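Chemist: Can you keep this structure in mind? I'll have questions shortly.
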Amino acid sequence: MSTGLFKGVNAMGHIGWVRRKCRICARTLIIGRDMVYHCPKCSKDRDAFFCEADYKRLKGRCPFCGSELKLVI
């Protein structure tokens, strides 16, 4: 009989739940610790997340569709 607690990678506090990769430089970003930006249109199919340095380099625009990048809260 299980106790009902998740262990390992399925645990709610595991870092894999909030980890994303920057689409341009492949830097590992942690939501809540780093400034993470995403494109509302492209994040569904392309997983378009960007770091703060690339956000400044792109001037706040998505390189794929040209829409404005939003901060992930």
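Each chain in the structure tokens gets a letter, A, B, ..., in the order shown, and its residues are numbered from 1; ligands are numbered from 1 in order too.
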Just the residues within 12 Å of Arg19 (chain A), please, counting only C-alpha atoms, with nothing from its chain fewer than 4 positions along; format it as a PDB file with N, CA and C atoms, in the first residue's frame.

Modeler:
ATOM      1  N   GLY A  13       8.026  19.823  -5.549  1.00  0.00           N
ATOM      2  CA  GLY A  13       9.123  20.752  -5.330  1.00  0.00           C
ATOM      3  C   GLY A  13      10.311  20.498  -6.227  1.00  0.00           C
ATOM      4  N   HIS A  14      10.223  19.547  -7.124  1.00  0.00           N
ATOM      5  CA  HIS A  14      11.345  19.208  -7.995  1.00  0.00           C
ATOM      6  C   HIS A  14      11.596  20.324  -8.990  1.00  0.00           C
ATOM      7  N   ILE A  15      12.857  20.645  -9.266  1.00  0.00           N
ATOM      8  CA  ILE A  15      13.250  21.757 -10.122  1.00  0.00           C
ATOM      9  C   ILE A  15      12.833  21.547 -11.580  1.00  0.00           C
ATOM     10  N   ALA A  26      20.506  28.572 -25.247  1.00  0.00           N
ATOM     11  CA  ALA A  26      20.373  27.290 -24.546  1.00  0.00           C
ATOM     12  C   ALA A  26      20.769  27.373 -23.074  1.00  0.00           C
ATOM     13  N   ARG A  27      20.659  28.556 -22.494  1.00  0.00           N
ATOM     14  CA  ARG A  27      20.915  28.714 -21.064  1.00  0.00           C
ATOM     15  C   ARG A  27      19.734  28.145 -20.282  1.00  0.00           C
ATOM     16  N   THR A  28      20.012  27.465 -19.189  1.00  0.00           N
ATOM     17  CA  THR A  28      18.951  26.904 -18.358  1.00  0.00           C
ATOM     18  C   THR A  28      18.368  28.014 -17.495  1.00  0.00           C
ATOM     19  N   LEU A  29      17.060  28.200 -17.584  1.00  0.00           N
ATOM     20  CA  LEU A  29      16.357  29.243 -16.852  1.00  0.00           C
ATOM     21  C   LEU A  29      15.430  28.611 -15.839  1.00  0.00           C
ATOM     22  N   ILE A  30      15.369  29.180 -14.654  1.00  0.00           N
ATOM     23  CA  ILE A  30      14.469  28.699 -13.616  1.00  0.00           C
ATOM     24  C   ILE A  30      13.434  29.786 -13.367  1.00  0.00           C
ATOM     25  N   ILE A  31      12.177  29.456 -13.614  1.00  0.00           N
ATOM     26  CA  ILE A  31      11.091  30.420 -13.456  1.00  0.00           C
ATOM     27  C   ILE A  31      10.956  30.776 -11.983  1.00  0.00           C
ATOM     28  N   GLY A  32      10.962  32.067 -11.693  1.00  0.00           N
ATOM     29  CA  GLY A  32      10.902  32.544 -10.325  1.00  0.00           C
ATOM     30  C   GLY A  32      12.245  33.022  -9.824  1.00  0.00           C
ATOM     31  N   ARG A  33      13.318  32.497 -10.350  1.00  0.00           N
ATOM     32  CA  ARG A  33      14.657  32.926  -9.964  1.00  0.00           C
ATOM     33  C   ARG A  33      15.273  33.818 -11.033  1.00  0.00           C
ATOM     34  N   ASP A  34      15.091  33.469 -12.298  1.00  0.00           N
ATOM     35  CA  ASP A  34      15.629  34.237 -13.419  1.00  0.00           C
ATOM     36  C   ASP A  34      14.508  35.000 -14.116  1.00  0.00           C
ATOM     37  N   VAL A  36      12.523  35.388 -17.138  1.00  0.00           N
ATOM     38  CA  VAL A  36      12.209  34.525 -18.273  1.00  0.00           C
ATOM     39  C   VAL A  36      11.114  35.193 -19.089  1.00  0.00           C
ATOM     40  N   PHE A  49      11.039  30.288 -25.184  1.00  0.00           N
ATOM     41  CA  PHE A  49      11.393  30.995 -23.964  1.00  0.00           C
ATOM     42  C   PHE A  49      12.753  31.642 -24.176  1.00  0.00           C
TER      43      PHE A  49
END

Chemist: Do you have the CA of Gly66 (chain A)-CA of Cys51 (chain A) distance handy?

Modeler: 16.7 Å

Chemist: For Lys41 (chain A), which of A:Cys62, A:Val18, A:Ile73, A:Cys25 is the closest residue, counting only C-alpha atoms?

Modeler: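 Of A:Cys62, A:Val18, A:Ile73, A:Cys25, the one nearest Lys41 (chain A) is A:Cys62, counting only C-alpha atoms.
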
Chemist: Need the shell around Gly60 (chain A): protein/DNA/RNA residues with any atom at most 10 Å away, counting only C-alpha atoms. Skip same-chain ones fewer than 2 positions apart. Format as a ChimeraX atom specification?

Modeler: /A:37-39,50,52,54-58,62-63,66-70

Chemist: Using DSSP secondary structure from the backbone, list all alpha helix (DSSP H) positions within region 20-55 of chain A, as an MDAnalysis selection string.

Modeler: chainID A and resid 52:55
